[in-house]
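One file, upload37.tsv, is given below (TSV, C-alpha atoms).
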chain	number	residue	atom	x	y	z
H	1	MET	CA	-4.47	10.77	17.17
H	2	ALA	CA	-1.90	8.64	15.42
H	3	THR	CA	1.59	8.66	16.88
H	4	LYS	CA	4.24	10.65	15.02
H	5	PRO	CA	6.82	8.36	13.44
H	6	SER	CA	9.59	9.92	15.54
H	7	ASP	CA	7.68	8.89	18.68
H	8	LEU	CA	7.04	5.31	17.60
H	9	SER	CA	8.99	2.57	19.30
H	10	GLU	CA	11.68	0.80	17.32
H	11	VAL	CA	11.91	3.14	14.36
H	12	ASP	CA	15.06	4.31	12.63
H	13	LEU	CA	15.44	7.48	10.64
H	14	ILE	CA	17.02	6.28	7.43
H	15	GLN	CA	16.84	9.37	5.26
H	16	GLN	CA	16.40	13.07	5.77
H	17	GLY	CA	15.52	14.86	2.57
H	18	ALA	CA	14.35	18.32	1.63
H	19	GLU	CA	10.72	17.20	1.35
H	20	ALA	CA	10.43	14.28	3.69
H	21	ARG	CA	11.93	12.13	6.38
H	22	VAL	CA	12.00	8.41	5.77
H	23	TYR	CA	11.85	5.96	8.65
H	24	SER	CA	12.11	2.21	8.86
H	25	GLY	CA	9.71	0.63	11.33
H	26	HIS	CA	6.87	-1.81	11.78
H	27	PHE	CA	3.19	-1.76	11.00
H	28	ALA	CA	0.98	-4.49	12.49
H	29	GLY	CA	3.95	-6.81	12.64
H	30	GLU	CA	5.17	-6.14	9.10
H	31	PRO	CA	8.40	-4.28	8.38
H	32	CYS	CA	7.51	-0.95	6.80
H	33	ILE	CA	8.83	2.33	5.49
H	34	ILE	CA	7.28	5.50	6.86
H	35	LYS	CA	7.51	8.63	4.81
H	36	GLU	CA	6.78	11.83	6.67
H	37	ARG	CA	6.28	15.06	4.77
H	38	PHE	CA	7.21	17.70	7.26
H	39	LYS	CA	6.05	21.27	7.45
H	40	LYS	CA	7.99	23.99	5.74
H	41	THR	CA	7.83	27.04	7.94
H	42	TYR	CA	8.78	29.40	5.12
H	43	ARG	CA	5.57	28.66	3.24
H	44	HIS	CA	2.21	30.21	3.93
H	45	PRO	CA	0.35	27.75	6.21
H	46	THR	CA	-2.65	27.37	3.89
H	47	LEU	CA	-0.49	26.75	0.85
H	48	GLU	CA	1.67	24.39	2.88
H	49	GLU	CA	-1.37	22.37	3.97
H	50	ARG	CA	-2.69	22.09	0.41
H	51	LEU	CA	0.64	21.14	-1.12
H	52	THR	CA	1.36	18.47	1.46
H	53	GLN	CA	-2.12	16.98	1.19
H	54	ARG	CA	-1.89	16.96	-2.60
H	55	ARG	CA	1.49	15.25	-2.63
H	56	ILE	CA	0.19	12.48	-0.40
H	57	GLN	CA	-2.87	12.11	-2.59
H	58	GLN	CA	-0.78	12.04	-5.76
H	59	GLU	CA	1.45	9.41	-4.25
H	60	ALA	CA	-1.50	7.22	-3.19
H	61	LYS	CA	-3.16	7.56	-6.59
H	62	ALA	CA	-0.03	6.74	-8.56
H	63	LEU	CA	0.79	3.73	-6.38
H	64	LEU	CA	-2.67	2.29	-6.99
H	65	ARG	CA	-2.61	3.10	-10.69
H	66	CYS	CA	0.79	1.48	-11.21
H	67	ARG	CA	-0.15	-1.58	-9.18
H	68	LYS	CA	-3.27	-2.07	-11.31
H	69	ALA	CA	-1.10	-1.92	-14.44
H	70	GLY	CA	1.19	-4.68	-13.16
H	71	ILE	CA	4.11	-2.36	-12.33
H	72	ALA	CA	5.99	-3.40	-9.18
H	73	VAL	CA	5.43	-0.75	-6.48
H	74	PRO	CA	5.28	-0.97	-2.66
H	75	SER	CA	1.90	-1.73	-1.06
H	76	VAL	CA	0.32	0.97	1.07
H	77	TYR	CA	-0.53	0.10	4.69
H	78	PHE	CA	-1.75	3.36	6.15
H	79	ILE	CA	-2.10	7.03	5.32
H	80	ASP	CA	-1.97	9.28	8.35
H	81	SER	CA	-3.28	12.67	7.24
H	82	THR	CA	-2.86	14.16	10.70
H	83	ASN	CA	0.91	13.80	10.60
H	84	ASN	CA	1.21	13.68	6.80
H	85	CYS	CA	2.71	10.21	6.82
H	86	ILE	CA	2.42	7.33	4.47
H	87	TYR	CA	3.21	3.79	5.63
H	88	LEU	CA	4.54	1.58	2.86
H	89	GLU	CA	5.66	-1.98	2.38
H	90	LYS	CA	9.38	-2.38	2.93
H	91	ILE	CA	10.92	-3.96	-0.14
H	92	GLU	CA	13.61	-6.29	1.10
H	93	PRO	CA	16.17	-7.49	0.45
H	94	SER	CA	16.75	-4.67	-1.99
H	95	LEU	CA	19.27	-2.19	-3.34
H	96	THR	CA	18.64	1.03	-5.21
H	97	VAL	CA	19.76	0.96	-8.83
H	98	ARG	CA	22.12	3.75	-7.83
H	99	GLU	CA	23.78	1.62	-5.16
H	100	PHE	CA	23.96	-1.30	-7.52
H	101	ILE	CA	25.72	0.63	-10.28
H	102	GLN	CA	28.06	2.40	-7.88
H	103	GLN	CA	29.37	-0.83	-6.46
H	104	LEU	CA	30.61	-1.93	-9.90
H	105	PRO	CA	34.22	-0.83	-10.47
H	106	LEU	CA	35.16	1.19	-13.55
H	107	PRO	CA	36.01	0.32	-16.28
H	108	TYR	CA	33.16	-2.17	-16.50
H	109	SER	CA	34.06	-5.76	-17.26
H	110	ASP	CA	32.03	-7.64	-19.88
H	111	GLU	CA	30.26	-9.41	-17.07
H	112	ASP	CA	29.35	-6.14	-15.36
H	113	ASN	CA	28.18	-4.68	-18.65
H	114	ASN	CA	25.86	-7.64	-19.11
H	115	LYS	CA	24.41	-7.03	-15.66
H	116	LEU	CA	23.93	-3.36	-16.51
H	117	TYR	CA	22.24	-4.23	-19.79
H	118	ALA	CA	19.85	-6.60	-18.03
H	119	ILE	CA	18.86	-3.82	-15.63
H	120	ALA	CA	18.59	-1.28	-18.47
H	121	LEU	CA	16.26	-3.64	-20.32
H	122	LYS	CA	14.07	-3.88	-17.25
H	123	ILE	CA	14.09	-0.12	-16.57
H	124	GLY	CA	13.09	0.56	-20.18
H	125	SER	CA	10.18	-1.84	-20.11
H	126	VAL	CA	8.93	-0.67	-16.69
H	127	LEU	CA	9.02	2.98	-17.80
H	128	ALA	CA	7.25	2.00	-21.01
H	129	SER	CA	4.42	0.39	-19.01
H	130	LEU	CA	4.33	3.37	-16.68
H	131	HIS	CA	3.87	5.78	-19.59
H	132	ASN	CA	1.44	3.40	-21.30
H	133	THR	CA	-0.87	4.06	-18.34
H	134	ASP	CA	-0.27	7.82	-18.72
H	135	THR	CA	1.45	8.07	-15.35
H	136	ILE	CA	4.32	10.54	-15.19
H	137	HIS	CA	6.66	9.79	-12.30
H	138	GLY	CA	8.03	13.32	-12.06
H	139	ASP	CA	11.28	12.46	-10.29
H	140	LEU	CA	12.92	9.54	-12.04
H	141	THR	CA	16.39	8.87	-10.67
H	142	THR	CA	18.39	5.73	-10.00
H	143	SER	CA	17.67	6.26	-6.28
H	144	ASN	CA	13.95	5.93	-6.94
H	145	MET	CA	14.30	2.46	-8.44
H	146	LEU	CA	14.78	-0.57	-6.24
H	147	LEU	CA	16.16	-3.91	-7.28
H	148	LYS	CA	14.66	-6.67	-5.25
H	149	PHE	CA	16.73	-9.78	-5.07
H	150	PRO	CA	17.23	-12.77	-5.59
H	151	HIS	CA	19.62	-11.36	-8.05
H	152	ASP	CA	19.19	-13.55	-11.11
H	153	ALA	CA	15.44	-13.07	-11.05
H	154	PHE	CA	15.47	-9.48	-9.79
H	155	GLU	CA	12.37	-7.32	-9.81
H	156	LEU	CA	12.47	-3.57	-10.42
H	157	TYR	CA	10.32	-1.46	-8.08
H	158	LEU	CA	9.52	2.19	-8.67
H	159	ILE	CA	9.22	4.33	-5.54
H	160	ASP	CA	8.60	7.95	-4.49
H	161	PHE	CA	5.59	9.09	-6.48
H	162	GLY	CA	5.14	12.36	-4.59
H	163	LEU	CA	5.64	14.45	-7.75
H	164	SER	CA	3.69	12.18	-10.07
H	165	GLN	CA	0.81	13.20	-12.29
H	166	VAL	CA	-1.46	11.74	-14.92
H	167	SER	CA	-0.84	13.01	-18.43
H	168	GLN	CA	-1.20	11.78	-21.98
H	169	LEU	CA	1.15	14.41	-23.39
H	170	HIS	CA	4.26	13.12	-25.20
H	171	GLU	CA	5.91	16.26	-23.92
H	172	ASP	CA	5.46	15.23	-20.27
H	173	LYS	CA	6.69	11.71	-20.96
H	174	GLY	CA	9.68	13.11	-22.81
H	175	VAL	CA	10.53	15.36	-19.86
H	176	ASP	CA	10.18	12.37	-17.52
H	177	LEU	CA	12.83	10.51	-19.56
H	178	TYR	CA	14.98	13.64	-19.79
H	179	VAL	CA	15.02	14.01	-16.01
H	180	LEU	CA	16.19	10.41	-15.74
H	181	GLU	CA	18.83	10.88	-18.42
H	182	LYS	CA	20.27	13.89	-16.62
H	183	ALA	CA	20.26	12.12	-13.26
H	184	PHE	CA	21.57	8.88	-14.69
H	185	LEU	CA	24.52	10.28	-16.60
H	186	SER	CA	25.56	12.71	-13.90
H	187	THR	CA	25.38	10.11	-11.11
H	188	HIS	CA	27.00	7.34	-13.13
H	189	PRO	CA	29.90	8.38	-15.34
H	190	LYS	CA	30.58	6.39	-18.50
H	191	THR	CA	27.16	4.82	-18.71
H	192	GLU	CA	25.96	6.36	-21.98
H	193	HIS	CA	25.78	2.89	-23.52
H	194	VAL	CA	23.56	1.74	-20.63
H	195	PHE	CA	21.17	4.66	-21.02
H	196	GLU	CA	20.96	3.94	-24.78
H	197	GLU	CA	19.82	0.45	-23.86
H	198	ILE	CA	17.09	1.87	-21.59
H	199	LEU	CA	15.72	3.95	-24.46
H	200	LYS	CA	15.84	0.98	-26.87
H	201	SER	CA	13.89	-1.15	-24.43
H	202	TYR	CA	11.44	1.73	-23.87
H	203	GLN	CA	10.94	1.97	-27.62
H	204	LYS	CA	10.16	-1.72	-27.89
H	205	ASN	CA	7.55	-1.62	-25.14
H	206	ASN	CA	5.82	1.75	-25.41
H	207	LYS	CA	3.01	2.32	-27.89
H	208	LYS	CA	3.87	5.97	-28.51
H	209	ALA	CA	7.66	5.66	-28.14
H	210	VAL	CA	8.49	7.32	-31.47
H	211	GLU	CA	6.65	10.51	-30.54
H	212	VAL	CA	7.96	10.52	-26.98
H	213	LEU	CA	11.57	10.06	-28.06
H	214	LYS	CA	11.14	12.84	-30.60
H	215	LYS	CA	10.02	15.09	-27.74
H	216	LEU	CA	13.01	13.91	-25.71
H	217	ASP	CA	15.28	15.19	-28.49
H	218	GLU	CA	13.53	18.55	-28.42
H	219	VAL	CA	13.79	18.77	-24.64
H	220	ARG	CA	17.49	17.93	-24.74
H	221	LEU	CA	18.05	20.99	-26.92
H	222	ARG	CA	16.12	23.42	-24.79
H	223	GLY	CA	16.13	21.93	-21.27
H	224	ARG	CA	13.29	20.81	-19.06
H	225	LYS	CA	11.35	24.07	-19.12
H	226	ARG	CA	9.29	24.88	-22.13
H	227	VAL	CA	10.14	27.96	-24.19
H	228	MET	CA	7.27	30.38	-23.91
H	229	VAL	CA	7.28	32.62	-26.93
H	230	GLY	CA	4.21	34.28	-28.40
T	1	MET	CA	-30.02	-17.67	22.86
T	2	THR	CA	-27.08	-19.98	23.50
T	3	ILE	CA	-26.49	-20.71	27.14
T	4	TYR	CA	-23.01	-19.78	28.21
T	5	ARG	CA	-21.25	-22.90	29.35
T	6	GLN	CA	-17.99	-22.65	31.20
T	7	SER	CA	-16.90	-26.18	30.27
T	8	LYS	CA	-13.34	-27.37	29.78
T	9	SER	CA	-13.51	-27.28	25.99
T	10	ASP	CA	-14.70	-23.69	26.08
T	11	MET	CA	-11.74	-22.68	28.17
T	12	ALA	CA	-9.42	-24.22	25.58
T	13	GLN	CA	-11.25	-22.35	22.85
T	14	GLU	CA	-10.35	-19.02	24.40
T	15	ASP	CA	-6.75	-19.62	23.40
T	16	HIS	CA	-7.87	-18.90	19.86
T	17	ILE	CA	-8.67	-15.27	20.66
T	18	LYS	CA	-5.68	-13.21	19.61
T	19	THR	CA	-4.98	-9.67	20.76
T	20	PHE	CA	-2.69	-7.33	18.88
T	21	PRO	CA	-1.14	-4.08	20.02
T	22	MET	CA	-1.21	-1.29	17.45
T	23	ASP	CA	2.02	0.41	16.50
T	24	VAL	CA	0.51	3.74	15.56
T	25	PHE	CA	-2.05	3.84	18.39
T	26	PRO	CA	-0.14	2.52	21.41
T	27	HIS	CA	-3.18	2.84	23.70
T	28	SER	CA	-5.40	0.67	21.53
T	29	THR	CA	-5.63	-3.05	20.91
T	30	ILE	CA	-7.41	-5.22	18.38
T	31	SER	CA	-8.72	-8.67	19.31
T	32	VAL	CA	-9.72	-11.19	16.70
T	33	ALA	CA	-11.46	-14.56	16.88
T	34	MET	CA	-12.77	-16.86	14.20
T	35	PHE	CA	-15.76	-19.20	14.25
T	36	LYS	CA	-16.88	-21.98	11.92
T	37	ASP	CA	-20.16	-23.85	11.50
T	38	VAL	CA	-22.04	-20.81	12.71
T	39	ARG	CA	-25.79	-21.32	12.84
T	40	LYS	CA	-28.70	-18.96	13.43
T	41	ILE	CA	-27.04	-16.01	11.73
T	42	ASP	CA	-30.35	-14.15	11.82
T	43	GLU	CA	-30.36	-14.22	15.60
T	44	LEU	CA	-26.74	-13.13	15.62
T	45	LYS	CA	-27.60	-10.18	13.41
T	46	THR	CA	-30.37	-9.10	15.78
T	47	HIS	CA	-27.82	-8.95	18.58
T	48	ILE	CA	-25.43	-6.93	16.41
T	49	VAL	CA	-28.13	-4.47	15.35
T	50	GLY	CA	-29.55	-4.38	18.89
T	51	GLY	CA	-26.17	-3.32	20.21
T	52	GLU	CA	-25.69	-6.19	22.67
T	53	ILE	CA	-22.60	-7.21	20.75
T	54	ASP	CA	-19.86	-4.60	20.91
T	55	ALA	CA	-17.78	-6.10	18.11
T	56	ALA	CA	-17.46	-6.11	14.34
T	57	ILE	CA	-18.68	-9.40	12.90
T	58	VAL	CA	-17.25	-10.01	9.45
T	59	SER	CA	-17.91	-12.62	6.79
T	60	SER	CA	-14.76	-14.73	6.45
T	61	ARG	CA	-15.30	-15.17	2.71
T	62	MET	CA	-14.00	-11.64	2.15
T	63	ILE	CA	-10.90	-11.95	4.34
T	64	CYS	CA	-7.68	-13.33	2.87
T	65	ASP	CA	-5.39	-12.68	5.83
T	66	LEU	CA	-5.33	-11.42	9.39
T	67	PHE	CA	-3.22	-8.48	8.20
T	68	GLN	CA	-6.17	-7.29	6.10
T	69	ILE	CA	-8.23	-6.99	9.30
T	70	LEU	CA	-5.45	-5.18	11.17
T	71	VAL	CA	-5.02	-2.64	8.33
T	72	ALA	CA	-8.77	-1.90	8.31
T	73	ALA	CA	-9.02	-1.78	12.10
T	74	ASN	CA	-6.08	0.64	12.27
T	75	LYS	CA	-7.86	2.87	9.78
T	76	ALA	CA	-11.06	2.70	11.84
T	77	VAL	CA	-9.22	3.66	15.04
T	78	ASN	CA	-7.61	6.55	13.15
T	79	ALA	CA	-11.05	7.75	12.04
T	80	LYS	CA	-12.32	7.55	15.60
T	81	THR	CA	-9.42	9.38	17.23
T	82	THR	CA	-9.57	12.18	14.66
T	83	GLY	CA	-13.36	12.49	15.02
T	84	LYS	CA	-13.95	11.38	11.45
T	85	LEU	CA	-16.05	8.25	11.84
T	86	LYS	CA	-18.18	7.82	8.73
T	87	THR	CA	-20.45	5.24	10.32
T	88	ARG	CA	-22.32	4.83	13.60
T	89	ASN	CA	-19.52	3.41	15.75
T	90	ILE	CA	-16.07	1.86	15.73
T	91	ASN	CA	-17.45	-1.62	14.96
T	92	SER	CA	-19.34	-0.64	11.84
T	93	GLU	CA	-16.35	1.52	10.91
T	94	VAL	CA	-14.10	-1.58	10.91
T	95	VAL	CA	-16.49	-3.27	8.48
T	96	PHE	CA	-16.73	-0.11	6.36
T	97	CYS	CA	-12.93	0.28	6.28
T	98	LEU	CA	-12.51	-3.27	5.00
T	99	SER	CA	-14.58	-2.42	1.96
T	100	PRO	CA	-13.25	-0.68	-1.17
T	101	SER	CA	-16.64	0.94	-1.65
T	102	ASN	CA	-17.57	4.40	-0.39
T	103	SER	CA	-21.14	3.32	0.11
T	104	ILE	CA	-21.81	2.40	3.73
T	105	THR	CA	-24.86	0.25	2.99
T	106	ASP	CA	-23.04	-1.65	0.27
T	107	SER	CA	-19.97	-2.16	2.49
T	108	LEU	CA	-21.93	-3.47	5.45
T	109	LYS	CA	-23.86	-5.82	3.17
T	110	LYS	CA	-20.79	-7.27	1.46
T	111	PHE	CA	-18.46	-7.50	4.46
T	112	GLY	CA	-20.90	-8.02	7.31
T	113	VAL	CA	-22.42	-11.43	8.01
T	114	SER	CA	-25.26	-12.81	5.93
T	115	PRO	CA	-27.34	-15.98	6.31
T	116	GLU	CA	-25.20	-17.72	3.63
T	117	ASP	CA	-22.12	-17.46	5.86
T	118	SER	CA	-21.01	-20.35	7.98
T	119	ALA	CA	-17.64	-18.96	9.04
T	120	VAL	CA	-17.36	-15.52	10.63
T	121	ILE	CA	-14.66	-13.38	12.21
T	122	ALA	CA	-15.23	-11.24	15.28
T	123	VAL	CA	-13.12	-8.12	15.81
T	124	THR	CA	-13.13	-6.06	19.00
T	125	VAL	CA	-11.34	-2.78	19.62
T	126	ASP	CA	-9.87	-1.86	23.03
T	127	ASP	CA	-11.28	-4.99	24.64
T	128	PHE	CA	-8.80	-4.72	27.51
T	129	ASP	CA	-10.52	-7.10	29.93
T	130	GLY	CA	-11.82	-9.43	27.21
T	131	GLN	CA	-15.44	-8.74	28.17
T	132	LYS	CA	-16.54	-7.71	24.66
T	133	MET	CA	-15.33	-10.98	23.17
T	134	GLN	CA	-17.02	-12.90	26.01
T	135	VAL	CA	-20.35	-11.42	24.97
T	136	VAL	CA	-19.63	-12.44	21.36
T	137	LEU	CA	-18.97	-16.00	22.58
T	138	GLN	CA	-22.31	-16.03	24.35
T	139	HIS	CA	-24.20	-15.04	21.23
T	140	ILE	CA	-22.37	-16.95	18.51
T	141	ASN	CA	-23.68	-20.39	17.83
T	142	GLY	CA	-20.56	-21.93	16.34
T	143	GLU	CA	-17.14	-23.38	17.01
T	144	MET	CA	-14.12	-21.18	17.59
T	145	VAL	CA	-11.13	-22.16	15.45
T	146	PRO	CA	-7.52	-20.93	15.29
T	147	LEU	CA	-6.94	-17.88	13.08
T	148	GLU	CA	-4.40	-19.92	11.10
T	149	GLN	CA	-7.41	-21.59	9.47
T	150	LEU	CA	-8.63	-18.27	8.09
T	151	HIS	CA	-7.34	-18.97	4.57
T	152	ARG	CA	-9.56	-22.05	4.24
T	153	TYR	CA	-12.65	-19.90	4.24
T	154	THR	CA	-11.50	-17.17	1.85
T	155	ASP	CA	-13.51	-16.94	-1.36
T	156	GLU	CA	-10.73	-15.60	-3.60
T	157	ASP	CA	-12.92	-15.10	-6.66
T	158	THR	CA	-15.33	-12.92	-4.72
T	159	VAL	CA	-12.44	-11.01	-3.12
T	160	LYS	CA	-11.01	-10.30	-6.59
T	161	LYS	CA	-14.41	-9.24	-7.87
T	162	VAL	CA	-15.33	-6.97	-4.98
T	163	TYR	CA	-11.92	-5.26	-4.81
T	164	LYS	CA	-11.70	-5.20	-8.64
T	165	ILE	CA	-8.33	-6.95	-8.87
T	166	ASN	CA	-7.42	-8.40	-12.26
T	167	ASP	CA	-4.80	-10.92	-13.36
T	168	VAL	CA	-2.40	-8.33	-14.81
T	169	GLU	CA	-2.07	-6.85	-11.35
T	170	LEU	CA	-1.60	-10.24	-9.71
T	171	GLN	CA	1.45	-11.00	-11.86
T	172	LYS	CA	3.44	-8.62	-9.67
T	173	SER	CA	1.41	-8.49	-6.49
T	174	SER	CA	-0.04	-10.91	-4.00
T	175	LEU	CA	-3.81	-10.79	-3.51
T	176	LEU	CA	-3.24	-9.56	0.05
T	177	ASP	CA	-0.97	-6.67	-1.04
T	178	SER	CA	-3.55	-5.56	-3.59
T	179	VAL	CA	-6.33	-5.74	-1.02
T	180	VAL	CA	-4.55	-3.81	1.75
T	181	THR	CA	-3.41	-1.09	-0.67
T	182	ARG	CA	-7.01	-0.51	-1.71
T	183	ILE	CA	-8.12	-0.37	1.92
T	184	ALA	CA	-5.38	2.12	2.80
T	185	VAL	CA	-5.82	4.49	-0.15
T	186	LYS	CA	-9.62	4.32	-0.36
T	187	GLU	CA	-10.58	7.94	0.30
T	188	PHE	CA	-7.40	9.30	-1.30
T	189	ALA	CA	-7.36	7.51	-4.62
T	190	MET	CA	-10.54	5.60	-5.31

Would you put the structure from the file into structure tokens?
Amino acid sequence: MATKPSDLSEVDLIQQGAEARVYSGHFAGEPCIIKERFKKTYRHPTLEERLTQRRIQQEAKALLRCRKAGIAVPSVYFIDSTNNCIYLEKIEPSLTVREFIQQLPLPYSDEDNNKLYAIALKIGSVLASLHNTDTIHGDLTTSNMLLKFPHDAFELYLIDFGLSQVSQLHEDKGVDLYVLEKAFLSTHPKTEHVFEEILKSYQKNNKKAVEVLKKLDEVRLRGRKRVMVG
Amino acid sequence: MTIYRQSKSDMAQEDHIKTFPMDVFPHSTISVAMFKDVRKIDELKTHIVGGEIDAAIVSSRMICDLFQILVAANKAVNAKTTGKLKTRNINSEVVFCLSPSNSITDSLKKFGVSPEDSAVIAVTVDDFDGQKMQVVLQHINGEMVPLEQLHRYTDEDTVKKVYKINDVELQKSSLLDSVVTRIAVKEFAM
């Protein structure tokens, strides 16, 4: 049986979340990230098993689908279904978009604003390609986007596809953007102008942008959950 | 059959056999050796089928990096330790794991050796005393070369075709990254 990540030699726990633990380690000589979905004891064991397996499958599927569409995502090295772990390429040197924005002092200088616009442009076009392939990320936040340096020619990686799904519905794409908007504006105060830029870039690069943005407006009024009347 | 000669040059050749520990399976090791100018592939195949050779023998055309082999071998060891081998033994499982296809016959045909091959790669699992690789050396009629030369024998067009990797994908990904991802996610996403 494969070794549990916590028992591997030379691994570091780098994040403990509600759904998963994230470790930094090595796989066959390559630096890697290990994501372990741990068991929730409050769930029924059968349901637990199914949910965990499905999340791993969704993540694997989305990573392959995005890669095929030319979207920058980590490579997969190993899926350990015994311990519910997924071993991924470690993107380095990198910074999350969240870390990047938070290190800029407020109020933003013109120079900082230009950096933010460049990143917004990239985020918009990556999300447009993502939705062009009918992949819904499901948990878009600035922590789930990595900037890989060198800085001037940075690449934007999307990570954490555990809640992703395939859907053609404008509604689902609109909700995906809404989730990001919420996360973006609450994590980064005074960045409305940056988020505007993301949507503009999305509009330029997505085939169905008009319909999706219309849905986004609807979702903003009512919230993420659909009104079920009649 | 080739006569096993313990000459000086053969001793030097053995330096080209590389053994790798496995992070996830600390009790297992993978050994890899590469051979060029291999002749009498048909005879070699008889020894593989006959079971004298306890190793996976892979066509080097389909391999773009050593890492590709290690990813597949890790997957094969995982299948073995969880009792989920899909093929006859660990050696055929290594070959099967390299392939993006779920068809065993198709995988063994594309990734195993064929008479058109002149360069082949031998992979042994848990060859702690090196005996398995010694048997391979006895049966392979070719010259062992350093693994660093592996890239010279890769047929990139065939790799792209077999793994179905197009140019859009390669704008953001190396060929190797695309290949190992497909190997890793095979039964989950393909």

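We find atom CA of H:Gly70 and atom CA of H:Ser201 to be spaced 17.3 Å apart.
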
Could the residues of chain H that have an atom at most 8 Å from chain T be listed as JSON lines, each with its closest atom pair and the distance in Å to one decimal, counting only C-alpha atoms and ordered by chain and ascending residue number?
{"residue": "H:Met1", "atom": "CA", "partner": "T:Thr81", "partner_atom": "CA", "distance": 5.1}
{"residue": "H:Ala2", "atom": "CA", "partner": "T:Val24", "partner_atom": "CA", "distance": 5.5}
{"residue": "H:Thr3", "atom": "CA", "partner": "T:Val24", "partner_atom": "CA", "distance": 5.2}
{"residue": "H:Lys4", "atom": "CA", "partner": "T:Val24", "partner_atom": "CA", "distance": 7.9}
{"residue": "H:Leu8", "atom": "CA", "partner": "T:Val24", "partner_atom": "CA", "distance": 7.0}
{"residue": "H:Ser9", "atom": "CA", "partner": "T:Asp23", "partner_atom": "CA", "distance": 7.8}
{"residue": "H:His26", "atom": "CA", "partner": "T:Asp23", "partner_atom": "CA", "distance": 7.1}
{"residue": "H:Phe27", "atom": "CA", "partner": "T:Asp23", "partner_atom": "CA", "distance": 6.0}
{"residue": "H:Ala28", "atom": "CA", "partner": "T:Met22", "partner_atom": "CA", "distance": 6.3}
{"residue": "H:Gln57", "atom": "CA", "partner": "T:Phe188", "partner_atom": "CA", "distance": 5.5}
{"residue": "H:Ala60", "atom": "CA", "partner": "T:Val185", "partner_atom": "CA", "distance": 5.9}
{"residue": "H:Lys61", "atom": "CA", "partner": "T:Ala189", "partner_atom": "CA", "distance": 4.6}
{"residue": "H:Leu64", "atom": "CA", "partner": "T:Thr181", "partner_atom": "CA", "distance": 7.2}
{"residue": "H:Arg67", "atom": "CA", "partner": "T:Glu169", "partner_atom": "CA", "distance": 6.0}
{"residue": "H:Lys68", "atom": "CA", "partner": "T:Glu169", "partner_atom": "CA", "distance": 4.9}
{"residue": "H:Ala69", "atom": "CA", "partner": "T:Glu169", "partner_atom": "CA", "distance": 5.9}
{"residue": "H:Gly70", "atom": "CA", "partner": "T:Glu169", "partner_atom": "CA", "distance": 4.3}
{"residue": "H:Ile71", "atom": "CA", "partner": "T:Lys172", "partner_atom": "CA", "distance": 6.8}
{"residue": "H:Ala72", "atom": "CA", "partner": "T:Lys172", "partner_atom": "CA", "distance": 5.8}
{"residue": "H:Ser75", "atom": "CA", "partner": "T:Thr181", "partner_atom": "CA", "distance": 5.4}
{"residue": "H:Val76", "atom": "CA", "partner": "T:Thr181", "partner_atom": "CA", "distance": 4.6}
{"residue": "H:Tyr77", "atom": "CA", "partner": "T:Ala184", "partner_atom": "CA", "distance": 5.6}
{"residue": "H:Phe78", "atom": "CA", "partner": "T:Ala184", "partner_atom": "CA", "distance": 5.1}
{"residue": "H:Ile79", "atom": "CA", "partner": "T:Ala184", "partner_atom": "CA", "distance": 6.4}
{"residue": "H:Asp80", "atom": "CA", "partner": "T:Asn78", "partner_atom": "CA", "distance": 7.9}

### Query
For the atom pair atom CA of H:Ala20 and atom CA of H:Ser6, what is the interatomic distance in Å to one decimal place?
12.7 Å

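A straight line drawn from atom CA of H:Pro5 to atom CA of H:Gln53 is 17.4 Å long.
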
Give me, as a compact mmCIF listing (two decimals) with C-alpha atoms, keeping the file's coordinate frame, all polymer residues having an atom no more than 10 Å from T:Gly130, counting all atoms listed in the file and skipping those fewer than 5 positions away in the same chain.
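Dumped to result-v5.txt:
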# COMPACT_ATOMS: atom_id res chain seq x y z
CA ILE T 17 -8.67 -15.27 20.66
CA THR T 19 -4.98 -9.67 20.76
CA SER T 31 -8.72 -8.67 19.31
CA THR T 124 -13.13 -6.06 19.00
CA VAL T 135 -20.35 -11.42 24.97

### Message
I'd like the neighbourhood of H:Glu192 as an MDAnalysis selection string, where a residue qualifies if any of its atoms comes within 12 Å (using all atoms listed in the file), though same-chain residues fewer than 6 positions away should be ignored.
### Response
chainID H and resid 113 116:117 120 181:186 198:199

#### Entry: Nearby residues (only C-alpha atoms) at most 9 Å from H:Lys207, same-chain spacing under 3 positions excluded, as an MDAnalysis selection string
chainID H and resid 128 132 203:204 210

### Query
Got a sec: who's within 10 Å of H:Arg54, counting only C-alpha atoms, leaving out chain neighbours fewer than 4 positions off, as a PyMOL selection string?
(chain H and resi 48-50+58-60+162-163) or (chain T and resi 188)

Keeping C-alpha atoms for every residue in the selection just given, could you write it to a file as a compact mmCIF listing (two decimals), in the frame of the given file?
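Written file, selection.txt:
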# COMPACT_ATOMS: atom_id res chain seq x y z
CA GLU H 48 1.67 24.39 2.88
CA GLU H 49 -1.37 22.37 3.97
CA ARG H 50 -2.69 22.09 0.41
CA GLN H 58 -0.78 12.04 -5.76
CA GLU H 59 1.45 9.41 -4.25
CA ALA H 60 -1.50 7.22 -3.19
CA GLY H 162 5.14 12.36 -4.59
CA LEU H 163 5.64 14.45 -7.75
CA PHE T 188 -7.40 9.30 -1.30
